[in-house]
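One file, start09.cif, carrying mmCIF, C-alpha atoms and all ligand atoms:
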```cif
data_final
loop_
_atom_site.label_atom_id
_atom_site.label_comp_id
_atom_site.auth_asym_id
_atom_site.auth_seq_id
_atom_site.Cartn_x
_atom_site.Cartn_y
_atom_site.Cartn_z
CA MET A 24 31.96 -35.05 1.95
CA LYS A 25 34.87 -33.26 3.58
CA ILE A 26 33.34 -31.74 6.68
CA GLY A 27 34.80 -29.50 9.36
CA LEU A 28 32.87 -29.51 12.63
CA VAL A 29 33.73 -26.56 14.80
CA GLY A 30 32.51 -26.16 18.39
CA GLY A 31 29.19 -27.00 20.01
CA ASP A 32 27.59 -29.03 22.77
CA LYS A 33 26.79 -32.74 23.14
CA ARG A 34 24.58 -32.56 20.05
CA SER A 35 27.53 -31.51 17.91
CA ILE A 36 29.63 -34.37 19.29
CA SER A 37 26.82 -36.85 18.47
CA LEU A 38 26.58 -35.27 15.03
CA GLY A 39 30.34 -35.82 14.54
CA LYS A 40 30.02 -39.52 15.43
CA LEU A 41 27.07 -39.93 13.05
CA LEU A 42 28.93 -38.21 10.20
CA LEU A 43 31.88 -40.56 10.72
CA GLU A 44 29.53 -43.56 10.69
CA ASP A 45 28.33 -42.32 7.30
CA ASN A 46 31.98 -42.41 6.14
CA HIS A 47 32.49 -38.68 5.66
CA ASN A 48 35.96 -37.21 5.90
CA LEU A 49 35.48 -35.36 9.21
CA LYS A 50 37.77 -32.87 10.91
CA LEU A 51 37.03 -31.40 14.34
CA PHE A 52 38.13 -28.27 16.12
CA GLY A 53 36.85 -26.31 19.11
CA PHE A 54 36.58 -29.26 21.51
CA ASN A 55 38.92 -30.46 24.24
CA GLU A 56 40.41 -33.79 23.13
CA GLN A 57 39.11 -35.84 26.11
CA VAL A 58 35.49 -34.73 25.53
CA VAL A 59 35.30 -36.07 21.97
CA SER A 60 37.48 -39.16 22.42
CA PRO A 61 37.80 -41.47 20.46
CA LEU A 62 37.32 -38.74 17.82
CA LYS A 63 40.46 -36.76 17.06
CA VAL A 64 40.75 -32.98 17.12
CA SER A 65 42.62 -31.16 14.29
CA LYS A 66 45.88 -29.37 15.11
CA SER A 67 44.52 -25.97 14.19
CA LEU A 68 41.37 -24.17 13.09
CA ILE A 69 43.06 -23.33 9.80
CA SER A 70 44.00 -26.94 9.01
CA MET A 71 40.43 -27.99 9.82
CA ILE A 72 38.97 -25.34 7.51
CA LYS A 73 41.46 -26.06 4.71
CA GLY A 74 40.51 -29.75 4.71
CA SER A 75 36.74 -29.13 4.48
CA ASP A 76 34.12 -28.39 1.83
CA ILE A 77 31.55 -27.58 4.49
CA VAL A 78 32.14 -25.96 7.87
CA ILE A 79 29.49 -26.84 10.45
CA ALA A 80 29.08 -24.56 13.45
CA PRO A 81 26.81 -25.19 16.45
CA LEU A 82 23.25 -24.17 17.24
CA PRO A 83 23.46 -21.37 18.28
CA CYS A 84 26.75 -20.46 16.55
CA SER A 85 27.49 -17.74 19.02
CA ASN A 86 25.99 -16.16 22.11
CA ASP A 87 27.50 -12.71 21.52
CA ASP A 88 28.12 -12.49 17.73
CA ILE A 89 31.86 -12.41 18.42
CA LEU A 90 32.95 -15.79 19.80
CA LEU A 91 31.94 -19.20 18.55
CA ASN A 92 29.81 -21.19 21.01
CA THR A 93 32.34 -23.72 22.37
CA PRO A 94 31.16 -25.10 25.75
CA PHE A 95 33.62 -28.02 25.53
CA TYR A 96 36.74 -26.02 24.61
CA THR A 97 39.03 -24.12 26.94
CA GLY A 98 40.21 -21.76 24.20
CA GLU A 99 38.29 -19.14 22.25
CA ILE A 100 37.44 -18.98 18.55
CA ARG A 101 36.34 -15.74 16.96
CA MET A 102 33.55 -16.03 14.39
CA GLU A 103 35.53 -13.75 12.10
CA GLU A 104 38.55 -16.09 12.29
CA ILE A 105 36.41 -18.77 10.70
CA PHE A 106 35.09 -16.64 7.85
CA GLU A 107 38.43 -15.01 7.06
CA ASN A 108 40.08 -18.42 6.65
CA MET A 109 37.32 -19.90 4.47
CA LYS A 110 37.34 -19.83 0.67
CA LYS A 111 34.37 -18.65 -1.39
CA ASP A 112 33.58 -22.18 -2.62
CA GLN A 113 33.21 -23.51 0.92
CA ILE A 114 29.88 -23.27 2.71
CA PHE A 115 29.10 -22.45 6.32
CA ILE A 116 26.18 -24.13 8.11
CA GLY A 117 25.28 -23.06 11.62
CA GLY A 118 22.40 -22.21 13.90
CA LYS A 119 20.95 -18.77 14.67
CA ILE A 120 23.20 -16.78 12.33
CA SER A 121 22.55 -13.18 13.32
CA LYS A 122 22.39 -10.24 10.92
CA ARG A 123 25.81 -9.15 12.17
CA MET A 124 27.34 -12.59 11.55
CA LYS A 125 25.74 -12.74 8.11
CA GLU A 126 27.28 -9.37 7.24
CA MET A 127 30.64 -10.64 8.46
CA ALA A 128 30.34 -13.76 6.27
CA ASN A 129 29.22 -11.66 3.27
CA HIS A 130 32.28 -9.45 3.73
CA TYR A 131 34.48 -12.51 3.12
CA GLY A 132 32.19 -13.80 0.33
CA ILE A 133 31.10 -16.86 2.35
CA THR A 134 27.68 -18.44 1.79
CA THR A 135 25.88 -19.29 5.02
CA PHE A 136 22.92 -21.54 5.80
CA ASP A 137 21.04 -21.13 9.06
CA LEU A 138 19.76 -24.35 10.63
CA LEU A 139 17.03 -22.32 12.34
CA ASP A 140 15.54 -21.64 8.90
CA ARG A 141 14.88 -25.37 8.52
CA GLU A 142 11.26 -26.09 9.35
CA GLU A 143 11.90 -29.87 9.48
CA LEU A 144 14.52 -29.29 12.18
CA ALA A 145 12.18 -27.08 14.24
CA ILE A 146 9.39 -29.67 14.03
CA LEU A 147 11.59 -32.62 14.95
CA ASN A 148 13.31 -30.67 17.75
CA ALA A 149 9.88 -30.26 19.35
CA ILE A 150 9.92 -34.01 20.15
CA PRO A 151 12.89 -33.99 22.60
CA THR A 152 11.73 -30.60 23.89
CA VAL A 153 8.34 -32.03 24.81
CA GLU A 154 9.85 -35.15 26.39
CA GLY A 155 12.27 -32.99 28.40
CA GLY A 156 9.46 -30.66 29.49
CA ILE A 157 7.33 -33.56 30.68
CA GLN A 158 10.34 -35.09 32.46
CA ILE A 159 10.76 -31.82 34.41
CA ALA A 160 7.05 -31.70 35.22
CA MET A 161 7.14 -35.23 36.60
CA GLU A 162 10.20 -34.45 38.73
CA GLU A 163 8.68 -31.24 40.11
CA MET A 164 5.11 -32.39 40.75
CA ASP A 165 4.08 -34.45 43.70
CA THR A 166 0.95 -35.59 41.88
CA THR A 167 0.56 -37.45 38.60
CA ILE A 168 0.08 -35.79 35.25
CA HIS A 169 -2.96 -38.06 35.05
CA ASN A 170 -5.99 -36.12 36.23
CA SER A 171 -4.00 -32.86 36.64
CA ASN A 172 -5.31 -29.66 35.08
CA ILE A 173 -2.68 -28.47 32.62
CA MET A 174 -2.60 -25.26 30.61
CA ILE A 175 -0.44 -24.95 27.51
CA LEU A 176 0.21 -21.44 26.23
CA GLY A 177 0.74 -21.47 22.46
CA PHE A 178 -0.35 -23.97 19.82
CA GLY A 179 2.70 -24.01 17.58
CA ARG A 180 5.03 -26.95 17.00
CA ILE A 181 5.81 -27.56 20.67
CA GLY A 182 2.31 -26.71 21.92
CA LYS A 183 0.70 -29.21 19.53
CA LEU A 184 3.00 -32.10 20.48
CA LEU A 185 2.88 -31.26 24.17
CA ALA A 186 -0.93 -31.31 24.17
CA LYS A 187 -0.98 -34.72 22.46
CA SER A 188 1.56 -36.25 24.89
CA LEU A 189 -0.05 -34.82 28.03
CA GLN A 190 -3.49 -35.94 26.91
CA GLY A 191 -2.02 -39.40 26.30
CA LEU A 192 -0.86 -39.44 29.93
CA GLY A 193 -4.38 -38.68 31.10
CA GLY A 194 -3.96 -34.96 31.87
CA ASN A 195 -6.88 -32.55 31.54
CA VAL A 196 -5.36 -30.40 28.82
CA PHE A 197 -6.34 -26.79 28.11
CA VAL A 198 -4.61 -25.02 25.25
CA GLU A 199 -4.37 -21.28 24.66
CA ALA A 200 -4.30 -19.76 21.19
CA ARG A 201 -5.12 -16.35 19.75
CA LYS A 202 -6.31 -17.47 16.32
CA HIS A 203 -9.84 -18.83 15.92
CA GLU A 204 -8.58 -21.44 13.48
CA ASP A 205 -6.19 -22.78 16.14
CA LEU A 206 -8.96 -22.74 18.74
CA ALA A 207 -11.12 -24.83 16.40
CA TRP A 208 -8.33 -27.40 16.02
CA ILE A 209 -7.77 -27.41 19.79
CA LYS A 210 -11.46 -28.14 20.27
CA SER A 211 -11.48 -30.83 17.58
CA TYR A 212 -8.58 -32.69 19.26
CA GLY A 213 -10.55 -32.80 22.50
CA TYR A 214 -8.49 -30.26 24.48
CA GLY A 215 -10.05 -27.31 26.28
CA PRO A 216 -9.76 -24.28 23.96
CA LEU A 217 -8.78 -21.00 25.66
CA HIS A 218 -8.46 -17.64 23.98
CA LEU A 219 -5.47 -15.59 25.13
CA LYS A 220 -7.88 -13.05 26.64
CA GLU A 221 -9.52 -15.62 28.94
CA ILE A 222 -6.52 -17.46 30.45
CA LYS A 223 -6.86 -15.39 33.63
CA ASN A 224 -10.18 -17.09 34.41
CA TYR A 225 -8.67 -20.56 34.15
CA LEU A 226 -5.33 -20.05 35.97
CA PRO A 227 -6.86 -20.55 39.47
CA ASN A 228 -7.70 -24.16 38.50
CA MET A 229 -4.39 -25.18 36.91
CA ASP A 230 -1.86 -27.52 38.53
CA LEU A 231 0.71 -27.04 35.80
CA VAL A 232 1.27 -24.39 33.14
CA PHE A 233 3.57 -24.83 30.15
CA ASN A 234 4.50 -21.72 28.21
CA THR A 235 5.75 -21.95 24.61
CA ILE A 236 5.21 -18.26 23.67
CA PRO A 237 8.42 -16.21 23.44
CA SER A 238 6.70 -13.02 24.58
CA MET A 239 5.51 -11.75 27.99
CA ILE A 240 2.26 -13.58 28.72
CA LEU A 241 2.45 -14.40 32.42
CA GLY A 242 2.95 -10.97 33.96
CA GLU A 243 1.86 -9.94 37.45
CA GLU A 244 -1.86 -9.71 36.54
CA ASN A 245 -1.90 -13.36 35.45
CA LEU A 246 0.58 -14.71 38.01
CA ILE A 247 -1.60 -13.40 40.82
CA GLU A 248 -4.45 -15.66 39.63
CA LEU A 249 -2.37 -18.84 39.67
CA LYS A 250 -3.41 -21.61 42.05
CA LYS A 251 -1.12 -21.90 45.10
CA GLY A 252 1.47 -24.64 44.66
CA SER A 253 1.09 -24.89 40.89
CA ILE A 254 4.15 -25.07 38.66
CA ILE A 255 5.10 -23.10 35.55
CA ILE A 256 7.49 -24.58 33.00
CA ASP A 257 8.59 -22.03 30.43
CA LEU A 258 9.93 -23.65 27.26
CA ALA A 259 10.08 -20.45 25.20
CA SER A 260 13.38 -18.97 24.06
CA LYS A 261 14.56 -15.57 25.30
CA PRO A 262 12.90 -13.40 26.53
CA GLY A 263 10.57 -16.23 27.66
CA GLY A 264 6.93 -15.63 28.53
CA VAL A 265 7.02 -15.17 32.31
CA ASP A 266 7.87 -12.23 34.56
CA PHE A 267 10.49 -14.30 36.37
CA ASP A 268 11.35 -11.66 38.99
CA MET A 269 7.71 -11.19 39.93
CA ALA A 270 7.09 -14.95 40.03
CA LYS A 271 10.09 -15.32 42.35
CA LYS A 272 8.76 -12.56 44.62
CA MET A 273 5.40 -14.35 44.72
CA GLY A 274 7.08 -17.65 45.63
CA ILE A 275 5.88 -19.39 42.45
CA ASN A 276 7.86 -22.38 41.22
CA VAL A 277 8.91 -21.39 37.68
CA ILE A 278 11.38 -23.40 35.67
CA TRP A 279 12.78 -21.88 32.50
CA ALA A 280 13.91 -24.95 30.62
CA LEU A 281 16.02 -24.06 27.59
CA GLY A 282 18.16 -26.15 25.25
CA LEU A 283 16.30 -29.37 26.11
CA PRO A 284 17.07 -31.35 22.91
CA GLY A 285 20.82 -31.17 23.58
CA LYS A 286 20.37 -31.93 27.28
CA VAL A 287 17.82 -34.76 27.29
CA ALA A 288 18.45 -36.43 23.94
CA PRO A 289 21.80 -35.38 22.44
CA VAL A 290 21.95 -38.39 20.12
CA THR A 291 18.48 -37.76 18.69
CA ALA A 292 19.29 -34.04 18.49
CA GLY A 293 22.50 -34.92 16.57
CA GLU A 294 20.47 -37.08 14.16
CA ILE A 295 18.03 -34.21 13.59
CA LEU A 296 20.94 -31.86 12.81
CA LYS A 297 22.44 -34.43 10.42
CA GLU A 298 19.17 -34.82 8.50
CA SER A 299 18.87 -31.06 8.00
CA ILE A 300 22.51 -30.74 6.92
CA TYR A 301 22.00 -33.52 4.37
CA ASN A 302 18.82 -31.78 3.17
CA ILE A 303 20.72 -28.49 2.69
CA VAL A 304 23.45 -30.26 0.69
CA ALA A 305 20.90 -32.20 -1.41
CA GLU A 306 19.05 -28.96 -2.23
CA LEU A 307 22.33 -27.31 -3.25
CA GLU A 308 23.12 -30.23 -5.56
CA GLY A 309 19.66 -29.80 -7.12
P1 LIG B 1 5.98 -21.83 17.07
O1 LIG B 1 5.58 -23.03 16.29
O2 LIG B 1 6.32 -20.58 16.35
O3 LIG B 1 4.79 -21.52 18.14
C1 LIG B 1 4.78 -20.37 18.92
C2 LIG B 1 3.38 -20.15 19.47
O4 LIG B 1 3.41 -18.94 20.21
C3 LIG B 1 2.29 -20.00 18.43
O5 LIG B 1 1.11 -20.60 18.90
C4 LIG B 1 2.11 -18.47 18.33
O6 LIG B 1 0.82 -18.08 17.99
C5 LIG B 1 2.35 -18.08 19.76
N1 LIG B 1 2.77 -16.69 19.90
C6 LIG B 1 3.90 -16.11 19.44
N2 LIG B 1 3.95 -14.82 19.81
C7 LIG B 1 2.81 -14.57 20.51
C8 LIG B 1 2.29 -13.44 21.16
N3 LIG B 1 2.95 -12.27 21.16
N4 LIG B 1 1.10 -13.54 21.80
C9 LIG B 1 0.43 -14.72 21.81
N5 LIG B 1 0.88 -15.85 21.20
C10 LIG B 1 2.04 -15.76 20.57
O7 LIG B 1 7.22 -22.14 17.99
P2 LIG B 1 7.66 -23.56 18.61
O8 LIG B 1 8.51 -24.29 17.64
O9 LIG B 1 6.49 -24.22 19.18
O10 LIG B 1 8.66 -23.05 19.76
C11 LIG B 1 8.16 -22.31 20.83
C12 LIG B 1 9.31 -21.66 21.59
O11 LIG B 1 10.14 -22.68 22.14
C13 LIG B 1 10.23 -20.81 20.73
O12 LIG B 1 10.65 -19.71 21.48
C14 LIG B 1 11.40 -21.74 20.43
O13 LIG B 1 12.59 -21.01 20.15
C15 LIG B 1 11.50 -22.44 21.75
N6 LIG B 1 12.21 -23.72 21.78
C16 LIG B 1 12.61 -24.12 23.01
C17 LIG B 1 13.28 -25.32 23.16
C18 LIG B 1 13.70 -25.73 24.54
O14 LIG B 1 14.58 -26.58 24.68
N7 LIG B 1 13.09 -25.18 25.57
C19 LIG B 1 13.53 -26.12 22.04
C20 LIG B 1 13.08 -25.70 20.78
C21 LIG B 1 12.42 -24.49 20.67
P3 LIG B 1 0.47 -17.53 16.52
O15 LIG B 1 0.53 -18.74 15.62
O16 LIG B 1 -0.89 -16.97 16.69
O17 LIG B 1 1.52 -16.52 16.17
#
```
Would you put the structure from the file into structure tokens?
Amino acid sequence: MKIGLVGGDKRSISLGKLLLEDNHNLKLFGFNEQVVSPLKVSKSLISMIKGSDIVIAPLPCSNDDILLNTPFYTGEIRMEEIFENMKKDQIFIGGKISKRMKEMANHYGITTFDLLDREELAILNAIPTVEGGIQIAMEEMDTTIHNSNIMILGFGRIGKLLAKSLQGLGGNVFVEARKHEDLAWIKSYGYGPLHLKEIKNYLPNMDLVFNTIPSMILGEENLIELKKGSIIIDLASKPGGVDFDMAKKMGINVIWALGLPGKVAPVTAGEILKESIYNIVAELEG
């Protein structure tokens, strides 16, 4: 395939190396040359786009719907610049394509595919997220995970894997859910099931709390119950699940750990991106 890779973090660079290993015709733009060496950067955005069937943007594509997310590039690339230079038979794959960006792409007749719509990517990304979360917990705690009381808020992709890993390390794992079906699974796996309404009663006994719910769960009324010296690690995307200002005022150690796959395992994260991109292309080919 002729692929143009435009912008992104360490994951995108790993992705570029993996695509080259698979013998694709790869062009790069939106990176400073020394960061991607020995890969070569195209002379211009336009030449990169012209030489590609697929344009791959990062995850997330943009933090403000205007500029492409390019942490390793000193210049700026406007999202619109990409779409206006693409042809209708080229496809755009990127992460977290907002409504506004989608409208922009539609205006130029460009078909977009959002990596965040890929369930396989979300599931596999939970693996480095969980490993990164546990790494932070181990660095922050002065006791072992083994024999610690740990609460996990949310029993989705990350919550499920986190519970399994922490139980494997010998932690006393309690998992919150709001659905009775989830609570039954939590019980059947041998974790302590907690309904959302009852977390308050358990917080005074927790050494560590992981949040995976992207909605305010740990407000003042819950934070006040937390055992002194315990740690909160919030893994949820914006807005997160903790009243960070209040926690700070109360002197609670809260770590909001975002973007862990790209930070702790960029090569694995690049492989996960590659798999999803191949799946999108295979589905298009039918
Ligand atoms: P998920 O599978 O959708 O799970 C989310 C969990 O939160 C579910 O148990 C869901 O319960 C619960 N939940 C959602 N809204 C709630 C509310 N208002 N009240 C109570 N519970 C609520 O998501 P995931 O894949 O595990 O990801 C969790 C979060 O981590 C997301 O924000 C995701 O973007 C983020 N993330 C972070 C990183 C990182 O590096 N830190 C990496 C990947 C993803 P129900 O099933 O009952 O709705």
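Here CA of Leu296 (chain A) stands at a distance of 8.3 Å from CA of Ser35 (chain A).
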* **Coordinates-based distance that separates atom O17 of ligand LIG 1 (chain B) from CA of Ala288 (chain A) (Å, one decimal)** => 27.3 Å
* Please write out the residues within 9 Å of ligand LIG 1 (chain B) as a VMD selection string, counting all atoms listed in the file. => chain A and resid 142 145 to 146 148 to 153 155 to 156 176 to 184 199 to 202 205 219 234 to 240 257 to 264 279 to 286
Residue contacts of Gly74 (chain A) (12 Å, all atoms listed in the file) excluding same-chain residues fewer than 5 positions away, as a PDB file with C-alpha atoms, in the frame of the given file:
```pdb
ATOM      1  CA  MET A  24      31.960 -35.050   1.950  1.00  0.00           C
ATOM      2  CA  LYS A  25      34.870 -33.260   3.580  1.00  0.00           C
ATOM      3  CA  ILE A  26      33.340 -31.740   6.680  1.00  0.00           C
ATOM      4  CA  GLY A  27      34.800 -29.500   9.360  1.00  0.00           C
ATOM      5  CA  LEU A  28      32.870 -29.510  12.630  1.00  0.00           C
ATOM      6  CA  ASN A  48      35.960 -37.210   5.900  1.00  0.00           C
ATOM      7  CA  LEU A  49      35.480 -35.360   9.210  1.00  0.00           C
ATOM      8  CA  LYS A  50      37.770 -32.870  10.910  1.00  0.00           C
ATOM      9  CA  LEU A  51      37.030 -31.400  14.340  1.00  0.00           C
ATOM     10  CA  PHE A  52      38.130 -28.270  16.120  1.00  0.00           C
ATOM     11  CA  SER A  65      42.620 -31.160  14.290  1.00  0.00           C
ATOM     12  CA  LYS A  66      45.880 -29.370  15.110  1.00  0.00           C
ATOM     13  CA  SER A  67      44.520 -25.970  14.190  1.00  0.00           C
ATOM     14  CA  LEU A  68      41.370 -24.170  13.090  1.00  0.00           C
ATOM     15  CA  ILE A  69      43.060 -23.330   9.800  1.00  0.00           C
ATOM     16  CA  ASN A 108      40.080 -18.420   6.650  1.00  0.00           C
ATOM     17  CA  MET A 109      37.320 -19.900   4.470  1.00  0.00           C
ATOM     18  CA  LYS A 110      37.340 -19.830   0.670  1.00  0.00           C
ATOM     19  CA  GLN A 113      33.210 -23.510   0.920  1.00  0.00           C
TER      20      GLN A 113
END
```
* Separation of CA of Leu185 (chain A) from CA of Glu143 (chain A), in Å and rounded to one decimal -> 17.3 Å
What box, with edges along x, y and z, holds each listed atom of region 125-143 of chain A when 6 Å is added on every side, and can you state its centre and edge lengths in Å to one decimal, as JSON?
```
{"center_x": 22.9, "center_y": -19.6, "center_z": 6.3, "size_x": 35.2, "size_y": 32.5, "size_z": 24.0}
```
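Look at region 116-130 of chain A: the protein and nucleic acid residues within 8 Å of it, using only C-alpha atoms and passing over chain neighbours fewer than 5 places away, are Ile77, Val78, Ile79, Ala80, Pro81, Leu82, Pro83, Cys84, Ser85, Asp88, Met102, Glu103, Phe106, Thr135, Phe136, Asp137, Leu138, Leu139 and Ile300 of chain A.
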* Asked: Can you tell me, as a PyMOL selection string, what residues are no more than 10 Å from Asp268 (chain A) when counting only C-alpha atoms, ignoring any on the same chain fewer than 6 positions away?
  -> chain A and resi 242-243+274
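Proximity to Ala292 (chain A) was assessed for A:Asp45, A:Glu107, A:Asp87, A:Asp32 counting all atoms listed in the file; the smallest distance is recorded for A:Asp32.
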* Which polymer residues have any atom within 9 Å of an atom of region 188-191 of chain A, counting only C-alpha atoms, with same-chain residues fewer than 4 positions away left out, as a VMD selection string? -> chain A and resid 153 to 154 157 168 to 169 173 183 to 184 195 to 196 213 to 214
* **Option closest in space to Ile100 (chain A), from A:Leu43, A:Lys271, A:Val29, A:Met161 [counting only C-alpha atoms]** => A:Val29
* Using only C-alpha atoms, find the one residue out of A:Leu241, A:Val59, A:Met273, A:Ala305 that sits nearest to Arg34 (chain A). => A:Val59
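By chain and then residue number, the residues within 12 Å of Ala270 (chain A) are Leu241, Gly242, Glu243, Glu244, Asn245, Leu246, Ile247, Glu248, Leu249, Lys251, Ser253, Ile254, Ile255, Ile256, Gly264, Val265, Asp266, Gly274, Ile275, Asn276, Val277, Ile278 and Trp279 of chain A, counting all atoms listed in the file and disregarding those fewer than 4 positions away in sequence.
Among the candidates A:Phe54, A:Val290, A:Leu62, A:Gly30, the one nearest to Asn92 (chain A) when counting all atoms listed in the file is A:Gly30.
Shortest atom-to-atom contact with Pro94 (chain A) among A:Lys63, A:Lys40, A:Lys33, A:His47: A:Lys33, counting all atoms listed in the file.
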For region 133-147 of chain A, supply N, CA, C and O atoms and format the output as a PDB file, in the frame of the given file.
```
ATOM      1  N   ILE A 133      31.450 -15.492   1.929  1.00  0.00           N
ATOM      2  CA  ILE A 133      31.100 -16.860   2.350  1.00  0.00           C
ATOM      3  C   ILE A 133      29.581 -17.034   2.377  1.00  0.00           C
ATOM      4  O   ILE A 133      28.858 -16.216   2.947  1.00  0.00           O
ATOM      5  N   THR A 134      29.108 -18.130   1.781  1.00  0.00           N
ATOM      6  CA  THR A 134      27.680 -18.440   1.790  1.00  0.00           C
ATOM      7  C   THR A 134      27.339 -19.161   3.083  1.00  0.00           C
ATOM      8  O   THR A 134      28.012 -20.122   3.470  1.00  0.00           O
ATOM      9  N   THR A 135      26.277 -18.675   3.749  1.00  0.00           N
ATOM     10  CA  THR A 135      25.880 -19.290   5.020  1.00  0.00           C
ATOM     11  C   THR A 135      24.477 -19.883   4.922  1.00  0.00           C
ATOM     12  O   THR A 135      23.627 -19.380   4.185  1.00  0.00           O
ATOM     13  N   PHE A 136      24.249 -20.927   5.692  1.00  0.00           N
ATOM     14  CA  PHE A 136      22.920 -21.540   5.800  1.00  0.00           C
ATOM     15  C   PHE A 136      22.586 -21.664   7.273  1.00  0.00           C
ATOM     16  O   PHE A 136      23.374 -22.229   8.047  1.00  0.00           O
ATOM     17  N   ASP A 137      21.427 -21.115   7.643  1.00  0.00           N
ATOM     18  CA  ASP A 137      21.040 -21.130   9.060  1.00  0.00           C
ATOM     19  C   ASP A 137      20.133 -22.334   9.337  1.00  0.00           C
ATOM     20  O   ASP A 137      19.071 -22.482   8.728  1.00  0.00           O
ATOM     21  N   LEU A 138      20.562 -23.165  10.282  1.00  0.00           N
ATOM     22  CA  LEU A 138      19.760 -24.350  10.630  1.00  0.00           C
ATOM     23  C   LEU A 138      18.396 -23.960  11.197  1.00  0.00           C
ATOM     24  O   LEU A 138      17.446 -24.725  11.106  1.00  0.00           O
ATOM     25  N   LEU A 139      18.318 -22.748  11.785  1.00  0.00           N
ATOM     26  CA  LEU A 139      17.030 -22.320  12.340  1.00  0.00           C
ATOM     27  C   LEU A 139      16.007 -21.982  11.251  1.00  0.00           C
ATOM     28  O   LEU A 139      14.834 -21.831  11.538  1.00  0.00           O
ATOM     29  N   ASP A 140      16.479 -21.870  10.005  1.00  0.00           N
ATOM     30  CA  ASP A 140      15.540 -21.640   8.900  1.00  0.00           C
ATOM     31  C   ASP A 140      14.914 -22.945   8.433  1.00  0.00           C
ATOM     32  O   ASP A 140      14.067 -22.940   7.536  1.00  0.00           O
ATOM     33  N   ARG A 141      15.364 -24.063   8.985  1.00  0.00           N
ATOM     34  CA  ARG A 141      14.880 -25.370   8.520  1.00  0.00           C
ATOM     35  C   ARG A 141      13.650 -25.773   9.320  1.00  0.00           C
ATOM     36  O   ARG A 141      13.746 -26.121  10.493  1.00  0.00           O
ATOM     37  N   GLU A 142      12.510 -25.750   8.664  1.00  0.00           N
ATOM     38  CA  GLU A 142      11.260 -26.090   9.350  1.00  0.00           C
ATOM     39  C   GLU A 142      11.289 -27.537   9.858  1.00  0.00           C
ATOM     40  O   GLU A 142      10.820 -27.831  10.957  1.00  0.00           O
ATOM     41  N   GLU A 143      11.887 -28.451   9.050  1.00  0.00           N
ATOM     42  CA  GLU A 143      11.900 -29.870   9.480  1.00  0.00           C
ATOM     43  C   GLU A 143      12.673 -30.015  10.783  1.00  0.00           C
ATOM     44  O   GLU A 143      12.311 -30.819  11.654  1.00  0.00           O
ATOM     45  N   LEU A 144      13.724 -29.216  10.942  1.00  0.00           N
ATOM     46  CA  LEU A 144      14.520 -29.290  12.180  1.00  0.00           C
ATOM     47  C   LEU A 144      13.705 -28.766  13.372  1.00  0.00           C
ATOM     48  O   LEU A 144      13.678 -29.380  14.444  1.00  0.00           O
ATOM     49  N   ALA A 145      12.995 -27.654  13.147  1.00  0.00           N
ATOM     50  CA  ALA A 145      12.180 -27.080  14.240  1.00  0.00           C
ATOM     51  C   ALA A 145      11.086 -28.052  14.664  1.00  0.00           C
ATOM     52  O   ALA A 145      10.822 -28.219  15.858  1.00  0.00           O
ATOM     53  N   ILE A 146      10.468 -28.719  13.693  1.00  0.00           N
ATOM     54  CA  ILE A 146       9.390 -29.670  14.030  1.00  0.00           C
ATOM     55  C   ILE A 146       9.973 -30.848  14.808  1.00  0.00           C
ATOM     56  O   ILE A 146       9.475 -31.214  15.877  1.00  0.00           O
ATOM     57  N   LEU A 147      11.043 -31.427  14.284  1.00  0.00           N
ATOM     58  CA  LEU A 147      11.590 -32.620  14.950  1.00  0.00           C
ATOM     59  C   LEU A 147      12.204 -32.289  16.311  1.00  0.00           C
ATOM     60  O   LEU A 147      12.160 -33.108  17.227  1.00  0.00           O
TER      61      LEU A 147
END
```
